[in-house]
Amino acid sequence: MQIWIIFAVITLIVTTGTQWLVLLIKPGQDELYEKWQTFDRRIAILNELLLMATIFCCFPFLHMEQRIFATAYVVGYIPMTIFADPGNVTMNRIATVLALGSFAVFLVIYGNGVEQVLALVVVAYGCFLFYAVGNIHRIITKSVAAQWEAERLSKELQLALIETAAERDAKTRFISTASHDLGQPLQAAKLFSEQVAEAHNQVALQRARSGLDWAITSAQQMLSHMLNHMRLEADAVTPYPKAFDLSEVIQRIGHQYSALASQHDIHIKTMSAKGTIFTDIVLLERAIGNLVHNAILHSGGHRILIGGRKKGGAWNIWVIDNGVGVEEKDAASIFDEYTQASNSKSQVKVGFGLGLSSVKRLAKLLGGGALLDPRWTNGAAFCIAWSARGGD
């Protein structure tokens with residue numbers, strides 16, 4: 001009993017002390033897994049040794065009824081240990097061998113004929129548990145993995161349903177407003193055509209013709225944006241990358257939009273971007289052009305800067321204006337479909353809110369991304385960025 005008491009006290013001190021250390025030190029997850037798991041295994045070994053000491057120091061002095069109770073405890077101890085920590089296969093097998101093996105040896109040495117036969121049952125039971133430990137670990141691991149996978153798929157399904165609902169609502173709003181938005185330039189075209197027919201002098205005729213050109217151009221732009229975006233949505237656009245000089249592209253876009261910018265009292269400045277890039281030049285020009293067109297119509301500024309820069313292995317192409325910028329409440333959704341900023345300075349409705357969404361899709365199609373830089377506070381700074389492939 002003295003040997004057993006000493007061993008029990010040592011086990012209790014080590015177990016309690018380790019638990020208090022965990023409470024006081026409060027280790028992180030990695031540290032808890034790497035270091036404190038070692039203490040847990042050593043404490044488990046101490047518990048098995050204490051059980052062995054209990055078997056050999058206490059069991060010989062028990063009455064028959066007490067031995068029956070002790071046998072039930074030892075037989076049930078190992079399954080409880082296994083299910084308490086099913087992932088620790090090695091320690092559970094060691095516990096099975098130490099506990100049940102010691103109990104079988106005790107029955108052989110101290111038991112009568114019946115108890116010696118019981119020792120064979122204990123050995124068989126121990127062999128079964130030794131084998132079952134691995135299966136229990138695999139079953140629980142697969143069950144947990146299946147549960148995690150089911151939860152992951154459930155979350156993905158919920159996100160997909162939310163995205164589908166948002167897309168459905170956006171398209172519903174688009175359908176409900178498309179007839180009105182397209183009707184504006186078409187109605188204007190009808191009125192201007194009547195003015196052309198009724199014009200009595202050259203000035204009125206020229207004014208009506210200019211209005212008619214504007215109305216038809218506006219309707220064409222709306223339909224063009226819508227059709228291009230629908231092709232992107234349907235994955236019907238295939239990029240054909242090749243190497244070309246980025247500076248030429250930037251200069252060409254600046255020249256292309258200079259006339260429209262002048263009509264809105266906006267000056268476009270281009271900065272040379274020395275370097276050869278490898279991508280689809282048509283799709284890239286469309287994406288940059290959408291950013292410039294958006295800045296001209298909606299920024300309310302007077303200057304637009306178009307430039308490119310290579311940093312490390314990535315290209316960044318910037319379109320920066322000095323207008324009203326994008327409000328914080330609109331920044332998160334500015335690239336969403338059928339969305340326009342609430343502080344747009346456009347005098348008339350000129351699109352369906354697909355320009356920036358198309359930029360995002362085009363950038364993704366080219367292997368990059370589109371973003372709004374929140375650090376720029378004197379207007380808006382939009383960027384198309386992607387990793388450089390080939391060229392300089």
# chains A, B, ... in the order shown; residues from 1 in each chain; ligands from 1

$ residues_around --residues "stretch 258-263 of chain A" --least-positions-apart "6" --cutoff "10 Å" --atoms "only C-alpha atoms" --output "PDB file with C-alpha atoms, in the first residue's frame"
ATOM      1  CA  ARG A 252      -3.415  55.153 -78.373  1.00  0.00           C
ATOM      2  CA  LYS A 269      -2.324  62.866 -69.646  1.00  0.00           C
ATOM      3  CA  VAL A 292     -11.142  56.041 -68.963  1.00  0.00           C
ATOM      4  CA  HIS A 293     -14.698  56.321 -70.305  1.00  0.00           C
ATOM      5  CA  ALA A 295     -13.768  58.583 -65.442  1.00  0.00           C
ATOM      6  CA  ILE A 296     -14.806  61.016 -68.174  1.00  0.00           C
ATOM      7  CA  LEU A 297     -18.535  60.569 -67.621  1.00  0.00           C
ATOM      8  CA  HIS A 302     -10.653  67.950 -64.925  1.00  0.00           C
ATOM      9  CA  ARG A 303      -7.638  65.654 -65.292  1.00  0.00           C
ATOM     10  CA  ILE A 304      -7.163  61.952 -66.021  1.00  0.00           C
TER      11      ILE A 304
END

$ atom_distance --atom1 "atom CA of A:Val105" --atom2 "atom CA of A:Phe59"
12.0 Å

$ residues_around --residues "stretch 78-88 of chain A" --least-positions-apart "3" --cutoff "6 Å" --atoms "only C-alpha atoms" --output "PyMOL selection string"
chain A and resi 91-92+137

$ residues_around --residues "A:Glu248" --least-positions-apart "2" --cutoff "12 Å" --atoms "only C-alpha atoms" --output "JSON, numbers by chain"
{"A": [244, 245, 246, 250, 251, 252, 253, 254, 255, 270, 271, 272, 273, 274, 275, 276, 277, 281, 285, 306, 307, 308]}

$ write_last_selection --atoms "C-alpha atoms" --output "short mmCIF file (atom, residue, chain, number, x, y, z; two decimals), in the first residue's frame"
data_model
loop_
_atom_site.label_atom_id
_atom_site.label_comp_id
_atom_site.auth_asym_id
_atom_site.auth_seq_id
_atom_site.Cartn_x
_atom_site.Cartn_y
_atom_site.Cartn_z
CA PHE A 244 3.54 44.31 -77.58
CA ASP A 245 4.75 47.67 -76.27
CA LEU A 246 2.56 48.94 -73.44
CA ILE A 250 -1.53 53.82 -73.44
CA GLN A 251 -0.80 56.56 -75.99
CA ARG A 252 -3.42 55.15 -78.37
CA ILE A 253 -6.12 55.04 -75.67
CA GLY A 254 -5.30 58.60 -74.59
CA HIS A 255 -5.65 59.82 -78.16
CA THR A 270 -0.45 59.69 -70.51
CA MET A 271 2.77 58.48 -68.94
CA SER A 272 5.14 56.23 -70.86
CA ALA A 273 5.39 52.70 -69.53
CA LYS A 274 8.55 51.20 -70.96
CA GLY A 275 8.34 47.48 -71.37
CA THR A 276 6.93 44.65 -73.39
CA ILE A 277 3.92 42.81 -72.04
CA ILE A 281 -4.11 43.65 -76.64
CA GLU A 285 -7.52 48.12 -74.51
CA ILE A 306 -3.16 56.91 -67.68
CA GLY A 307 0.08 55.12 -66.85
CA GLY A 308 1.69 51.74 -66.31
#

$ select_by_dssp --residues "stretch 32-280 of chain A" --states "strand (DSSP E or B)" --output "list in words"
Lys242, Ala243, Phe244, Asp245, His267, Ile268, Lys269, Thr270, Thr276, Ile277, Phe278 and Thr279 of chain A

$ closest_residue --among "A:Cys58, A:Ile43, A:Val114, A:Leu283" --to "A:Leu12" --atoms "only C-alpha atoms"
A:Ile43

$ closest_residue --among "A:Ala208, A:Val108, A:Leu305, A:Ile55" --to "A:Leu120" --atoms "only C-alpha atoms"
A:Val108

$ residues_around --residues "stretch 374-387 of chain A" --least-positions-apart "3" --cutoff "9 Å" --atoms "only C-alpha atoms" --output "JSON, numbers by chain"
{"A": [287, 288, 291, 295, 299, 301, 312, 313, 314, 315, 316, 317, 318, 319, 320, 321, 322, 323, 324, 325, 326, 328, 331, 359, 360, 363, 364, 366, 367, 368, 369, 370, 371]}

$ decode --residues "stretch 116-135 of chain A" --atoms "C-alpha atoms" --output "PDB file, in the first residue's frame"
ATOM      1  CA  GLN A 116      -6.987 -18.200 -14.855  1.00  0.00           C
ATOM      2  CA  VAL A 117      -9.464 -19.066 -17.599  1.00  0.00           C
ATOM      3  CA  LEU A 118     -10.684 -15.465 -17.354  1.00  0.00           C
ATOM      4  CA  ALA A 119      -7.105 -14.389 -18.060  1.00  0.00           C
ATOM      5  CA  LEU A 120      -7.419 -15.939 -21.532  1.00  0.00           C
ATOM      6  CA  VAL A 121     -10.622 -13.945 -22.103  1.00  0.00           C
ATOM      7  CA  VAL A 122      -8.841 -10.763 -20.992  1.00  0.00           C
ATOM      8  CA  VAL A 123      -5.970 -11.491 -23.403  1.00  0.00           C
ATOM      9  CA  ALA A 124      -8.415 -12.065 -26.267  1.00  0.00           C
ATOM     10  CA  TYR A 125     -10.280  -8.893 -25.301  1.00  0.00           C
ATOM     11  CA  GLY A 126      -6.985  -6.986 -25.251  1.00  0.00           C
ATOM     12  CA  CYS A 127      -6.031  -8.271 -28.707  1.00  0.00           C
ATOM     13  CA  PHE A 128      -9.408  -7.168 -30.041  1.00  0.00           C
ATOM     14  CA  LEU A 129      -9.007  -3.665 -28.572  1.00  0.00           C
ATOM     15  CA  PHE A 130      -5.392  -3.462 -29.822  1.00  0.00           C
ATOM     16  CA  TYR A 131      -6.667  -4.092 -33.341  1.00  0.00           C
ATOM     17  CA  ALA A 132      -9.817  -1.952 -32.931  1.00  0.00           C
ATOM     18  CA  VAL A 133      -7.886   1.151 -31.857  1.00  0.00           C
ATOM     19  CA  GLY A 134      -6.697   1.760 -35.424  1.00  0.00           C
ATOM     20  CA  ASN A 135     -10.149   1.151 -36.905  1.00  0.00           C
TER      21      ASN A 135
END
